[in-house]
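Q: Contents are mmCIF, C-alpha atoms and all ligand atoms; file name final.cif:
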```cif
data_model
loop_
_atom_site.label_atom_id
_atom_site.label_comp_id
_atom_site.auth_asym_id
_atom_site.auth_seq_id
_atom_site.Cartn_x
_atom_site.Cartn_y
_atom_site.Cartn_z
CA MET A 1 11.67 26.29 10.01
CA LYS A 2 8.37 24.39 9.83
CA LYS A 3 8.09 21.72 12.49
CA ILE A 4 6.14 18.62 11.45
CA HIS A 5 5.20 16.05 14.10
CA ILE A 6 4.70 12.53 12.82
CA VAL A 7 2.88 9.77 14.68
CA ILE A 8 3.70 6.43 13.15
CA PHE A 9 1.19 3.59 13.39
CA GLY A 10 2.70 0.31 12.22
CA ILE A 11 6.39 -0.50 12.58
CA GLY A 12 6.65 -3.60 10.43
CA ASN A 13 8.47 -3.69 7.09
CA VAL A 14 7.29 -0.33 5.81
CA GLY A 15 6.87 1.67 9.05
CA SER A 16 10.28 0.80 10.47
CA THR A 17 11.99 1.54 7.14
CA LEU A 18 10.21 4.90 7.06
CA ILE A 19 11.56 5.82 10.50
CA ASP A 20 15.09 4.99 9.35
CA GLN A 21 14.64 7.00 6.15
CA ILE A 22 13.30 10.01 8.09
CA ASN A 23 16.21 9.87 10.52
CA LYS A 24 18.67 9.81 7.62
CA ALA A 25 16.90 12.60 5.70
CA LYS A 26 16.37 14.87 8.73
CA SER A 27 19.29 17.24 8.40
CA ARG A 28 18.89 17.56 4.62
CA LEU A 29 15.20 18.36 5.03
CA ARG A 30 16.05 21.07 7.55
CA ARG A 31 18.78 22.51 5.36
CA GLU A 32 17.12 22.33 1.95
CA GLN A 33 13.39 22.50 2.62
CA SER A 34 13.21 24.19 6.05
CA ILE A 35 11.18 21.25 7.33
CA ASP A 36 11.98 19.87 10.77
CA VAL A 37 10.51 16.37 11.04
CA HIS A 38 9.96 15.06 14.54
CA ILE A 39 8.54 11.66 15.57
CA PRO A 40 7.02 11.93 19.06
CA ILE A 41 5.03 8.67 18.98
CA VAL A 42 5.51 5.22 17.49
CA ALA A 43 2.92 2.43 17.81
CA ASN A 44 2.19 -1.11 16.70
CA SER A 45 -1.10 -2.98 17.17
CA ARG A 46 -0.63 -3.33 20.93
CA LEU A 47 2.05 -0.98 22.21
CA VAL A 48 2.94 2.69 22.01
CA PHE A 49 6.14 4.60 22.77
CA PHE A 50 5.93 8.29 23.72
CA GLU A 51 9.25 10.07 23.36
CA ASP A 52 8.75 11.79 26.74
CA ASN A 53 9.05 8.41 28.42
CA SER A 54 12.73 8.10 27.67
CA MET A 55 15.33 8.42 24.96
CA THR A 56 18.24 6.11 24.50
CA ASN A 57 20.06 5.54 21.27
CA THR A 58 17.77 3.94 18.78
CA TRP A 59 14.00 4.03 18.38
CA GLU A 60 13.90 0.23 18.31
CA CYS A 61 15.61 0.14 21.68
CA ASP A 62 13.31 2.81 23.13
CA PHE A 63 10.28 1.00 21.80
CA SER A 64 11.23 -2.36 23.20
CA ARG A 65 12.15 -0.95 26.63
CA PHE A 66 9.60 1.79 27.23
CA SER A 67 6.46 1.03 25.24
CA ASN A 68 3.11 0.31 26.88
CA PRO A 69 -0.35 -0.94 25.87
CA TYR A 70 -2.49 1.91 24.63
CA GLN A 71 -5.90 3.24 23.62
CA MET A 72 -6.18 5.73 20.74
CA ASP A 73 -7.65 8.34 23.13
CA GLU A 74 -4.34 8.54 25.01
CA ILE A 75 -2.47 9.35 21.81
CA ILE A 76 -4.97 12.01 20.81
CA GLN A 77 -4.88 13.53 24.29
CA TYR A 78 -1.07 13.57 24.33
CA ILE A 79 -0.97 15.39 20.98
CA ASN A 80 -3.70 17.84 22.00
CA GLU A 81 -1.81 18.77 25.15
CA LYS A 82 1.34 19.50 23.16
CA LYS A 83 -0.55 22.04 21.01
CA TYR A 84 1.54 21.19 17.97
CA ASP A 85 0.77 23.19 14.80
CA HIS A 86 1.25 20.39 12.28
CA VAL A 87 0.66 16.72 13.06
CA ILE A 88 0.57 13.84 10.57
CA ALA A 89 -0.65 10.33 11.43
CA VAL A 90 1.11 7.80 9.21
CA ASP A 91 -0.84 4.59 8.69
CA ALA A 92 1.68 1.84 7.91
CA THR A 93 -0.68 -0.91 9.03
CA ALA A 94 -2.93 -3.10 6.90
CA SER A 95 -5.61 -2.86 9.55
CA SER A 96 -9.31 -2.39 8.94
CA ASP A 97 -9.75 -1.58 12.66
CA PHE A 98 -7.21 1.21 12.50
CA VAL A 99 -8.97 3.09 9.70
CA GLN A 100 -12.02 3.42 11.95
CA HIS A 101 -9.91 5.96 13.90
CA TYR A 102 -9.29 8.20 10.87
CA ASN A 103 -12.30 10.46 11.48
CA ALA A 104 -11.43 11.01 15.16
CA LEU A 105 -7.81 11.73 14.23
CA ILE A 106 -8.87 14.27 11.60
CA GLN A 107 -11.28 15.98 14.00
CA ASN A 108 -8.41 16.26 16.47
CA GLY A 109 -6.08 18.03 14.09
CA PHE A 110 -4.20 15.19 12.40
CA HIS A 111 -3.48 15.05 8.68
CA ILE A 112 -3.15 11.49 7.36
CA VAL A 113 -0.59 9.82 5.11
CA SER A 114 -1.38 6.18 4.44
CA ALA A 115 0.07 3.07 2.82
CA ASN A 116 -2.99 1.15 3.99
CA LYS A 117 -5.54 0.68 1.20
CA ILE A 118 -8.50 -0.16 3.40
CA ALA A 119 -9.93 3.33 4.00
CA ASN A 120 -10.16 3.98 0.27
CA THR A 121 -11.83 0.67 -0.49
CA LEU A 122 -14.57 0.46 2.12
CA ALA A 123 -18.13 1.28 1.09
CA LEU A 124 -18.70 4.58 -0.71
CA ASP A 125 -20.58 5.94 2.32
CA PHE A 126 -17.37 5.70 4.36
CA TYR A 127 -15.25 7.01 1.48
CA ASP A 128 -17.45 10.08 0.97
CA ALA A 129 -17.89 10.79 4.70
CA LEU A 130 -14.10 10.69 5.15
CA ARG A 131 -13.63 13.27 2.41
CA GLN A 132 -16.33 15.50 3.85
CA ASN A 133 -14.67 15.27 7.26
CA LEU A 134 -11.31 16.25 5.75
CA LYS A 135 -12.94 19.24 4.09
CA ASP A 136 -14.81 20.33 7.23
CA ASN A 137 -11.62 20.19 9.29
CA ASN A 138 -9.31 21.53 6.62
CA LYS A 139 -7.10 18.45 6.82
CA LYS A 140 -5.25 16.47 4.13
CA PHE A 141 -5.10 12.77 3.27
CA LEU A 142 -2.31 11.52 0.98
CA TYR A 143 -2.06 7.88 -0.13
CA GLU A 144 0.16 7.66 -3.23
CA THR A 145 1.62 4.35 -1.97
CA ASN A 146 -1.83 2.70 -2.15
CA VAL A 147 -1.20 1.91 -5.82
CA GLY A 148 2.21 0.89 -7.16
CA ALA A 149 4.05 1.53 -3.85
CA GLY A 150 6.61 4.28 -4.63
CA LEU A 151 5.52 4.74 -8.27
CA PRO A 152 3.63 7.95 -9.08
CA ILE A 153 0.40 6.30 -10.27
CA ILE A 154 -2.36 8.08 -8.37
CA GLU A 155 -0.88 11.52 -8.97
CA THR A 156 -0.47 10.81 -12.70
CA VAL A 157 -4.00 9.48 -13.09
CA ARG A 158 -5.34 12.49 -11.18
CA ASN A 159 -3.31 14.94 -13.28
CA VAL A 160 -4.44 13.38 -16.56
CA TYR A 161 -8.07 13.37 -15.38
CA ASN A 162 -7.93 16.95 -14.05
CA SER A 163 -6.37 18.17 -17.30
CA GLY A 164 -9.58 17.20 -19.09
CA ASP A 165 -8.16 14.24 -21.01
CA THR A 166 -10.46 11.20 -21.14
CA ILE A 167 -9.08 8.01 -19.64
CA SER A 168 -10.69 5.00 -21.30
CA LYS A 169 -8.78 2.15 -19.69
CA ILE A 170 -6.11 1.36 -17.12
CA ARG A 171 -4.52 -2.04 -17.40
CA GLY A 172 -1.45 -3.78 -16.11
CA VAL A 173 0.39 -5.78 -13.51
CA PHE A 174 -0.73 -4.07 -10.32
CA SER A 175 0.93 -6.37 -7.83
CA GLY A 176 4.65 -6.20 -7.21
CA SER A 177 4.63 -9.31 -5.04
CA LEU A 178 2.76 -11.42 -7.61
CA SER A 179 4.98 -10.05 -10.35
CA TYR A 180 8.00 -11.25 -8.36
CA MET A 181 6.40 -14.63 -7.73
CA PHE A 182 5.36 -15.27 -11.33
CA ASN A 183 8.70 -14.06 -12.70
CA LYS A 184 10.55 -16.46 -10.47
CA PHE A 185 8.07 -19.29 -10.89
CA SER A 186 7.98 -18.97 -14.69
CA SER A 187 11.75 -18.84 -15.13
CA GLU A 188 13.01 -21.24 -12.44
CA ASP A 189 12.34 -24.82 -11.56
CA VAL A 190 10.98 -24.17 -8.05
CA PRO A 191 7.70 -25.06 -6.35
CA PHE A 192 5.27 -22.17 -5.99
CA SER A 193 5.24 -22.47 -2.17
CA GLU A 194 8.98 -21.73 -2.09
CA VAL A 195 8.55 -18.66 -4.26
CA LEU A 196 5.76 -17.42 -1.99
CA SER A 197 7.89 -17.88 1.15
CA LYS A 198 10.74 -15.94 -0.47
CA ALA A 199 8.42 -13.07 -1.43
CA GLU A 200 7.11 -12.92 2.14
CA ALA A 201 10.64 -12.90 3.56
CA LEU A 202 11.55 -10.00 1.27
CA GLY A 203 8.60 -7.97 2.61
CA LEU A 204 6.94 -7.87 -0.81
CA THR A 205 3.62 -9.44 0.14
CA GLU A 206 0.79 -8.12 2.26
CA PRO A 207 1.11 -9.01 5.96
CA ASP A 208 -1.39 -11.77 5.09
CA ALA A 209 -0.24 -13.08 1.69
CA ARG A 210 -3.71 -14.47 1.02
CA GLU A 211 -4.69 -10.85 0.32
CA ASP A 212 -2.32 -10.93 -2.67
CA LEU A 213 -3.21 -14.43 -3.86
CA SER A 214 -6.95 -13.93 -3.50
CA GLY A 215 -6.75 -10.93 -5.82
CA ASN A 216 -8.15 -8.63 -3.12
CA ASP A 217 -5.04 -6.44 -3.06
CA VAL A 218 -5.05 -5.91 -6.84
CA ALA A 219 -8.81 -5.35 -6.73
CA ARG A 220 -8.35 -2.65 -4.08
CA LYS A 221 -5.83 -0.84 -6.29
CA LEU A 222 -8.22 -0.97 -9.25
CA LEU A 223 -11.03 0.38 -7.08
CA ILE A 224 -8.86 3.22 -5.75
CA LEU A 225 -8.01 4.29 -9.31
CA ALA A 226 -11.63 3.96 -10.44
CA ARG A 227 -12.72 6.24 -7.59
CA GLU A 228 -10.01 8.77 -8.51
CA LEU A 229 -11.83 8.93 -11.85
CA ASN A 230 -15.02 9.68 -9.97
CA LEU A 231 -16.63 6.31 -10.71
CA LYS A 232 -19.07 5.33 -7.98
CA VAL A 233 -18.08 1.69 -7.72
CA GLU A 234 -17.99 -0.74 -4.82
CA PHE A 235 -15.54 -3.54 -4.11
CA GLN A 236 -18.26 -6.19 -4.64
CA GLN A 237 -18.61 -5.14 -8.29
CA ILE A 238 -15.06 -6.28 -9.15
CA HIS A 239 -14.66 -9.58 -11.02
CA ILE A 240 -11.80 -11.37 -9.31
CA GLU A 241 -10.11 -14.64 -10.27
CA SER A 242 -8.71 -15.80 -6.95
CA LEU A 243 -5.48 -17.79 -6.95
CA VAL A 244 -6.18 -19.40 -3.58
CA PRO A 245 -7.27 -23.02 -4.10
CA LYS A 246 -10.84 -23.72 -2.95
CA GLN A 247 -9.83 -25.89 0.01
CA LEU A 248 -7.74 -23.03 1.45
CA ASN A 249 -10.16 -20.25 0.63
CA GLY A 250 -11.87 -18.53 3.52
CA LYS A 251 -11.89 -21.47 5.88
CA THR A 252 -8.30 -21.44 7.09
CA SER A 253 -6.64 -19.17 9.64
CA LEU A 254 -3.43 -17.46 8.54
CA ASN A 255 -1.33 -19.97 10.47
CA GLN A 256 -3.20 -22.92 8.98
CA PHE A 257 -2.73 -21.43 5.52
CA LYS A 258 1.01 -21.01 6.13
CA SER A 259 1.34 -24.62 7.27
CA ARG A 260 -0.50 -25.81 4.14
CA ILE A 261 1.13 -23.66 1.42
CA LYS A 262 2.54 -26.75 -0.28
CA GLU A 263 -1.03 -27.37 -1.45
CA LEU A 264 -0.46 -24.47 -3.85
CA ASP A 265 2.28 -26.36 -5.67
CA GLN A 266 0.07 -28.72 -7.68
CA PRO A 267 -2.44 -26.21 -9.14
CA PHE A 268 0.28 -23.71 -9.99
CA GLY A 269 2.50 -26.48 -11.41
CA GLU A 270 -0.35 -27.56 -13.70
CA ARG A 271 -0.93 -23.99 -14.82
CA LYS A 272 2.75 -23.67 -15.64
CA LEU A 273 2.73 -26.91 -17.64
CA SER A 274 -0.15 -25.58 -19.76
CA LEU A 275 1.98 -22.62 -20.88
CA GLN A 276 3.38 -22.64 -24.39
CA LYS A 277 7.08 -22.07 -24.95
CA ASP A 278 7.85 -18.33 -24.71
CA GLN A 279 4.84 -17.64 -22.49
CA VAL A 280 4.78 -16.50 -18.87
CA LEU A 281 2.03 -16.12 -16.29
CA ARG A 282 0.86 -12.63 -15.37
CA TYR A 283 -1.78 -11.57 -12.87
CA ILE A 284 -3.40 -8.47 -14.29
CA GLY A 285 -5.93 -5.83 -13.39
CA GLU A 286 -8.09 -4.02 -15.91
CA LEU A 287 -10.40 -1.06 -15.48
CA ASN A 288 -12.68 -0.15 -18.39
CA VAL A 289 -13.96 3.30 -17.67
CA ALA A 290 -16.85 3.53 -20.14
CA ASP A 291 -18.67 0.43 -18.93
CA GLU A 292 -17.32 0.70 -15.36
CA THR A 293 -15.97 -2.86 -15.29
CA LEU A 294 -13.09 -3.87 -13.07
CA GLU A 295 -11.44 -7.23 -13.56
CA VAL A 296 -8.58 -9.15 -11.94
CA LYS A 297 -7.34 -12.31 -13.67
CA LEU A 298 -4.43 -14.66 -14.38
CA VAL A 299 -3.35 -14.67 -18.03
CA SER A 300 -0.63 -16.20 -20.18
CA GLU A 301 1.47 -13.57 -21.93
CA GLU A 302 4.16 -13.76 -24.59
CA LYS A 303 7.59 -13.25 -22.98
CA GLU A 304 8.35 -10.48 -25.44
CA SER A 305 5.14 -8.50 -24.76
CA ALA A 306 5.11 -5.40 -22.54
CA LEU A 307 3.65 -7.38 -19.64
CA GLY A 308 5.69 -10.52 -20.38
CA GLN A 309 9.09 -8.84 -20.19
CA LEU A 310 8.69 -7.54 -16.63
CA LYS A 311 11.54 -8.33 -14.25
CA GLY A 312 11.86 -8.71 -10.47
CA SER A 313 8.97 -7.13 -8.55
CA ASP A 314 8.14 -4.73 -11.37
CA SER A 315 4.61 -3.46 -11.82
CA LEU A 316 3.45 -1.95 -15.06
CA PHE A 317 0.53 0.42 -15.52
CA GLU A 318 -0.81 1.25 -18.98
CA ILE A 319 -3.07 4.31 -18.99
CA PHE A 320 -5.07 4.66 -22.20
CA THR A 321 -6.39 8.15 -22.87
CA GLU A 322 -7.83 10.13 -25.74
CA ALA A 323 -4.76 12.37 -25.95
CA TYR A 324 -2.26 9.50 -25.90
CA GLY A 325 -4.22 7.60 -28.58
CA ASP A 326 -3.28 3.99 -29.33
CA GLN A 327 -0.02 4.07 -27.38
CA PRO A 328 -0.77 4.22 -23.65
CA LEU A 329 1.05 6.29 -21.08
CA VAL A 330 3.15 3.66 -19.28
CA ILE A 331 4.61 3.67 -15.78
CA GLN A 332 6.86 0.78 -14.79
CA GLY A 333 9.10 -0.05 -11.84
CA ALA A 334 9.22 -1.88 -8.53
CA GLY A 335 5.63 -2.10 -7.34
CA ALA A 336 6.35 -3.53 -3.90
CA GLY A 337 9.08 -3.54 -1.29
CA LYS A 338 9.67 -1.77 2.00
CA GLU A 339 12.32 0.65 0.70
CA VAL A 340 10.29 2.01 -2.22
CA THR A 341 7.08 2.08 -0.22
CA ALA A 342 8.65 3.95 2.69
CA ARG A 343 10.15 6.41 0.15
CA GLY A 344 6.65 6.93 -1.24
CA LEU A 345 5.34 7.68 2.26
CA LEU A 346 8.19 10.09 2.92
CA SER A 347 7.51 11.80 -0.37
CA ASP A 348 3.84 12.23 0.65
CA ILE A 349 4.94 13.60 4.03
CA ILE A 350 7.17 16.18 2.36
CA LYS A 351 4.51 17.08 -0.21
CA LEU A 352 1.98 17.58 2.58
CA SER A 353 4.43 19.53 4.74
CA ASN A 354 5.06 21.93 1.87
CA GLN A 355 1.31 22.64 1.71
CA LEU A 356 1.05 23.54 5.42
CA HIS A 357 1.35 27.10 6.72
N1 LIG B 1 5.22 -4.11 1.57
C1 LIG B 1 4.96 -3.45 0.44
O1 LIG B 1 5.61 -3.62 -0.58
C2 LIG B 1 3.84 -2.47 0.42
C3 LIG B 1 3.00 -2.32 1.48
N2 LIG B 1 1.99 -1.42 1.43
C4 LIG B 1 1.11 -1.33 2.57
O2 LIG B 1 1.86 -0.96 3.72
C5 LIG B 1 1.18 -1.44 4.88
C6 LIG B 1 2.19 -2.08 5.81
O3 LIG B 1 2.78 -3.19 5.18
P1 LIG B 1 3.99 -3.97 5.88
O4 LIG B 1 4.89 -3.00 6.58
O5 LIG B 1 4.55 -4.85 4.85
O6 LIG B 1 3.21 -4.83 7.00
P2 LIG B 1 3.82 -5.51 8.33
O7 LIG B 1 2.95 -6.66 8.67
O8 LIG B 1 5.27 -5.73 8.20
O9 LIG B 1 3.59 -4.36 9.45
C7 LIG B 1 2.31 -3.99 9.87
C8 LIG B 1 2.46 -3.17 11.13
O10 LIG B 1 1.18 -2.65 11.46
C9 LIG B 1 0.96 -2.84 12.86
N3 LIG B 1 -0.47 -2.81 13.15
C10 LIG B 1 -1.43 -3.69 12.80
N4 LIG B 1 -2.63 -3.27 13.27
C11 LIG B 1 -2.42 -2.09 13.90
C12 LIG B 1 -3.25 -1.18 14.60
N5 LIG B 1 -4.55 -1.39 14.73
N6 LIG B 1 -2.69 -0.06 15.14
C13 LIG B 1 -1.36 0.17 15.03
N7 LIG B 1 -0.50 -0.67 14.39
C14 LIG B 1 -1.04 -1.78 13.84
C15 LIG B 1 1.59 -4.20 13.13
O11 LIG B 1 1.76 -4.36 14.52
P3 LIG B 1 1.90 -5.83 15.17
O12 LIG B 1 3.29 -6.26 14.84
O13 LIG B 1 1.67 -5.57 16.62
O14 LIG B 1 0.86 -6.68 14.53
C16 LIG B 1 2.90 -3.98 12.37
O15 LIG B 1 3.80 -3.21 13.14
C17 LIG B 1 0.07 -2.37 4.37
O16 LIG B 1 -1.16 -1.70 4.37
C18 LIG B 1 0.48 -2.66 2.93
O17 LIG B 1 -0.61 -2.92 2.08
C19 LIG B 1 1.76 -0.62 0.36
C20 LIG B 1 2.57 -0.68 -0.72
C21 LIG B 1 3.66 -1.66 -0.81
N1 LIG B 2 1.16 -6.63 -1.90
C1 LIG B 2 1.33 -5.45 -2.64
C2 LIG B 2 2.30 -4.55 -1.93
C3 LIG B 2 1.94 -3.19 -2.21
O1 LIG B 2 0.82 -2.76 -2.25
C4 LIG B 2 1.85 -5.74 -4.03
O2 LIG B 2 2.21 -6.86 -4.25
O3 LIG B 2 1.86 -4.88 -4.88
#
```
If you took the structure in this file and wrote it as structure tokens, what would it be?
A:
Amino acid sequence: MKKIHIVIFGIGNVGSTLIDQINKAKSRLRREQSIDVHIPIVANSRLVFFEDNSMTNTWECDFSRFSNPYQMDEIIQYINEKKYDHVIAVDATASSDFVQHYNALIQNGFHIVSANKIANTLALDFYDALRQNLKDNNKKFLYETNVGAGLPIIETVRNVYNSGDTISKIRGVFSGSLSYMFNKFSSEDVPFSEVLSKAEALGLTEPDAREDLSGNDVARKLLILARELNLKVEFQQIHIESLVPKQLNGKTSLNQFKSRIKELDQPFGERKLSLQKDQVLRYIGELNVADETLEVKLVSEEKESALGQLKGSDSLFEIFTEAYGDQPLVIQGAGAGKEVTARGLLSDIIKLSNQLH
């Protein structure tokens, strides 16, 4: 039996769902894969719970009764003292501060599984140094959920690339939350602000929904895929059409933005009115490999087209390669949501565990 110790950072939509999924999968993982998953530490942005402190019935109860403010050093020290063989830090935050701890975690024996896209989209210096650090310390970093949530996008792109096929373009609807919003907005008579609130309540958006609407989240996914193809591109090179109206862009706090979301209704209403019958709005990402251009934009699509017929929070990725010719390799399915994202993290945890000896 291989014992895997998981430290979970971030217990919002995705992190808390992951803990529930692990608890449910535990006995099957022991029985079928000889993997014993154990969660000794759970943390949010301010508080940490160490299992030694107490154990009641549920982790939520333990966390709310026995958690304390923390510094990262305490967590690293706790793990070091336990002398565990295999430790995985799961990043279920959206924090740019948290990723600054990755290198220290790796140097202290942690592997990393992440839903957070930030580490892979900082400057190339950081990106390359992180990979060197992983190599030097013989540690692994898995992040399939960075693109398409639970969909197998990164692995597929990597497999196609490693097989020697030439990828010329990747195009599609990269955002599950915006897919949901535009599906609902295009087909129902509701103001955009209402659709946005619903998407937030369903846990489909980023913790700060401006990251979705500004195009930053789609741009990050494009950049992550471009870097998987060994393109040396930076975030600043991406052409992004932001959907956040100028008066709300950059100058508002998150709370101010939330109190003013009705200001989105008019510009989106006008955009909808400009659509022809049988057209829908789609927010797409496009990576052209040959000229290294990355673009994020809002387009009108025919309802019957591949992008136009998407339902719910579906994402769709078209991967154009030499071997596949004119008809791209297509991956479609829910591209956001806590259940599918947590499943993607759990799948990375199991994949990683199977590589450890
Ligand atoms: N929702 C989805 O469909 C998908 C999400 N993802 C990614 O998953 C990640 C989590 O998303 P989601 O669960 O929806 O977000 P939530 O806002 O629901 O949860 C974020 C959690 O991270 C914690 N946190 C923030 N900063 C830190 C920190 N420095 N150290 C430890 N914990 C911290 C927050 O704590 P506190 O409450 O104290 O602020 C909170 O518990 C994001 O990176 C997102 O991009 C990826 C694919 C799909
Ligand atoms: N906000 C993201 C969630 C996953 O990354 C999306 O809409 O796809």
Q: Within 8 Å of ligand LIG 1 (chain B), which residues show up when you count only C-alpha atoms and all ligand atoms? List them as a VMD selection string, please.
A: chain A and resid 9 to 16 43 to 47 91 to 98 114 to 118 145 to 150 176 to 177 203 to 208 217 335 to 338 340 to 341
Q: Please produce a file of the residues just selected, as an mmCIF file, in the coordinates of the input, where the atoms kept are C-alpha atoms.
A:
```
data_model
loop_
_atom_site.group_PDB
_atom_site.id
_atom_site.type_symbol
_atom_site.label_atom_id
_atom_site.label_comp_id
_atom_site.auth_asym_id
_atom_site.auth_seq_id
_atom_site.Cartn_x
_atom_site.Cartn_y
_atom_site.Cartn_z
ATOM 1 C CA PHE A 9 1.190 3.590 13.390
ATOM 2 C CA GLY A 10 2.700 0.310 12.220
ATOM 3 C CA ILE A 11 6.390 -0.500 12.580
ATOM 4 C CA GLY A 12 6.650 -3.600 10.430
ATOM 5 C CA ASN A 13 8.470 -3.690 7.090
ATOM 6 C CA VAL A 14 7.290 -0.330 5.810
ATOM 7 C CA GLY A 15 6.870 1.670 9.050
ATOM 8 C CA SER A 16 10.280 0.800 10.470
ATOM 9 C CA ALA A 43 2.920 2.430 17.810
ATOM 10 C CA ASN A 44 2.190 -1.110 16.700
ATOM 11 C CA SER A 45 -1.100 -2.980 17.170
ATOM 12 C CA ARG A 46 -0.630 -3.330 20.930
ATOM 13 C CA LEU A 47 2.050 -0.980 22.210
ATOM 14 C CA ASP A 91 -0.840 4.590 8.690
ATOM 15 C CA ALA A 92 1.680 1.840 7.910
ATOM 16 C CA THR A 93 -0.680 -0.910 9.030
ATOM 17 C CA ALA A 94 -2.930 -3.100 6.900
ATOM 18 C CA SER A 95 -5.610 -2.860 9.550
ATOM 19 C CA SER A 96 -9.310 -2.390 8.940
ATOM 20 C CA ASP A 97 -9.750 -1.580 12.660
ATOM 21 C CA PHE A 98 -7.210 1.210 12.500
ATOM 22 C CA SER A 114 -1.380 6.180 4.440
ATOM 23 C CA ALA A 115 0.070 3.070 2.820
ATOM 24 C CA ASN A 116 -2.990 1.150 3.990
ATOM 25 C CA LYS A 117 -5.540 0.680 1.200
ATOM 26 C CA ILE A 118 -8.500 -0.160 3.400
ATOM 27 C CA THR A 145 1.620 4.350 -1.970
ATOM 28 C CA ASN A 146 -1.830 2.700 -2.150
ATOM 29 C CA VAL A 147 -1.200 1.910 -5.820
ATOM 30 C CA GLY A 148 2.210 0.890 -7.160
ATOM 31 C CA ALA A 149 4.050 1.530 -3.850
ATOM 32 C CA GLY A 150 6.610 4.280 -4.630
ATOM 33 C CA GLY A 176 4.650 -6.200 -7.210
ATOM 34 C CA SER A 177 4.630 -9.310 -5.040
ATOM 35 C CA GLY A 203 8.600 -7.970 2.610
ATOM 36 C CA LEU A 204 6.940 -7.870 -0.810
ATOM 37 C CA THR A 205 3.620 -9.440 0.140
ATOM 38 C CA GLU A 206 0.790 -8.120 2.260
ATOM 39 C CA PRO A 207 1.110 -9.010 5.960
ATOM 40 C CA ASP A 208 -1.390 -11.770 5.090
ATOM 41 C CA ASP A 217 -5.040 -6.440 -3.060
ATOM 42 C CA GLY A 335 5.630 -2.100 -7.340
ATOM 43 C CA ALA A 336 6.350 -3.530 -3.900
ATOM 44 C CA GLY A 337 9.080 -3.540 -1.290
ATOM 45 C CA LYS A 338 9.670 -1.770 2.000
ATOM 46 C CA VAL A 340 10.290 2.010 -2.220
ATOM 47 C CA THR A 341 7.080 2.080 -0.220
#
```
Q: Residues at most 9 Å from stretch 55-66 of chain A, counting only C-alpha atoms, excluding those fewer than 3 positions away in the same chain, as a PDB file with C-alpha atoms, in the coordinates of the input?
A:
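Output below, filename out-v8.pdb:
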```
ATOM      1  CA  SER A  16      10.280   0.800  10.470  1.00  0.00           C
ATOM      2  CA  ILE A  19      11.560   5.820  10.500  1.00  0.00           C
ATOM      3  CA  VAL A  42       5.510   5.220  17.490  1.00  0.00           C
ATOM      4  CA  ALA A  43       2.920   2.430  17.810  1.00  0.00           C
ATOM      5  CA  LEU A  47       2.050  -0.980  22.210  1.00  0.00           C
ATOM      6  CA  VAL A  48       2.940   2.690  22.010  1.00  0.00           C
ATOM      7  CA  PHE A  49       6.140   4.600  22.770  1.00  0.00           C
ATOM      8  CA  PHE A  50       5.930   8.290  23.720  1.00  0.00           C
ATOM      9  CA  GLU A  51       9.250  10.070  23.360  1.00  0.00           C
ATOM     10  CA  ASP A  52       8.750  11.790  26.740  1.00  0.00           C
TER      11      ASP A  52
END
```
Q: Nearest residue to A:Leu213 out of A:Val233, A:Leu248, A:Ala226, A:Val7, using all atoms listed in the file?
A: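 Of A:Val233, A:Leu248, A:Ala226, A:Val7, the one nearest A:Leu213 is A:Leu248, counting all atoms listed in the file.
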Q: Point out the residue among A:Gly285, A:Pro69, A:Gly269, A:Gly215 with the least atom-to-atom distance to A:Gly172, counting only C-alpha atoms.
A: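 Of A:Gly285, A:Pro69, A:Gly269, A:Gly215, the one nearest A:Gly172 is A:Gly285, counting only C-alpha atoms.
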Q: Calculate, to one decimal in Å, the centre and edge lengths of the box along x, y and z of the file that holds all listed atoms of ligand LIG 2 (chain B) with 5 Å of margin on each side, and present them as lines of an AutoDock Vina configuration file.
A:
```
center_x = 1.6
center_y = -4.8
center_z = -3.4
size_x = 11.5
size_y = 14.1
size_z = 13.0
```
Q: Could you please determine the separation between atom CA of A:Ala334 and atom CA of A:Ile35 in Å, to one decimal place?
A: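 Computing the Euclidean distance for atom CA of A:Ala334 and atom CA of A:Ile35 yields 28.1 Å.
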Q: Calculate how many Å separate atom CA of A:Glu295 from atom CA of A:Gln276, rounding to one decimal.
A: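 So the answer is 24.0 Å.
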Q: Would you kindly return, as a ChimeraX atom specification, each protein, DNA or RNA residue with an atom no farther than 10 Å from any atom of A:Glu292, considering all atoms listed in the file and excluding same-chain residues fewer than 4 positions away?
A: /A:168-169,226,231-233,237-238,287-288
Q: Using Å and a single decimal, report how far atom CA of A:Ile79 sits from atom CA of A:Met1.
A: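 We find that atom CA of A:Met1 and atom CA of A:Ile79 lie 20.0 Å from each other.
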Q: Of the candidates A:Asn23, A:Asn68, A:Ser274, A:Asn216, which shows the shortest atom-to-atom distance to ligand LIG 2 (chain B), using all atoms listed in the file?
A: A:Asn216
Q: Compile the contact shell of A:Gln332 as an MDAnalysis selection string: residues with an atom at most 7 Å away, counting all atoms listed in the file, same-chain residues fewer than 4 positions apart removed.
A: chainID A and resid 314:317
Q: When you look at A:Lys3 with a cut-off of 8 Å (counting only C-alpha atoms), what residues show up, excluding the ones that are within fewer than 3 positions of it in the same chain? I need them as a ChimeraX atom specification.
A: /A:35-38,85-86
Q: How close does stretch 252-334 of chain A get to stretch 181-198 of chain A? List, as JSON lines, each residue of stretch 252-334 of chain A within 6 Å, its nearest atom pair and the distance in Å to one decimal, counting all atoms listed in the file.
A:
```
{"residue": "A:Ile261", "atom": "CA", "partner": "A:Ser193", "partner_atom": "CA", "distance": 5.6}
{"residue": "A:Lys262", "atom": "CA", "partner": "A:Ser193", "partner_atom": "CA", "distance": 5.4}
{"residue": "A:Asp265", "atom": "CA", "partner": "A:Phe192", "partner_atom": "CA", "distance": 5.2}
{"residue": "A:Val280", "atom": "CA", "partner": "A:Ser186", "partner_atom": "CA", "distance": 5.8}
```
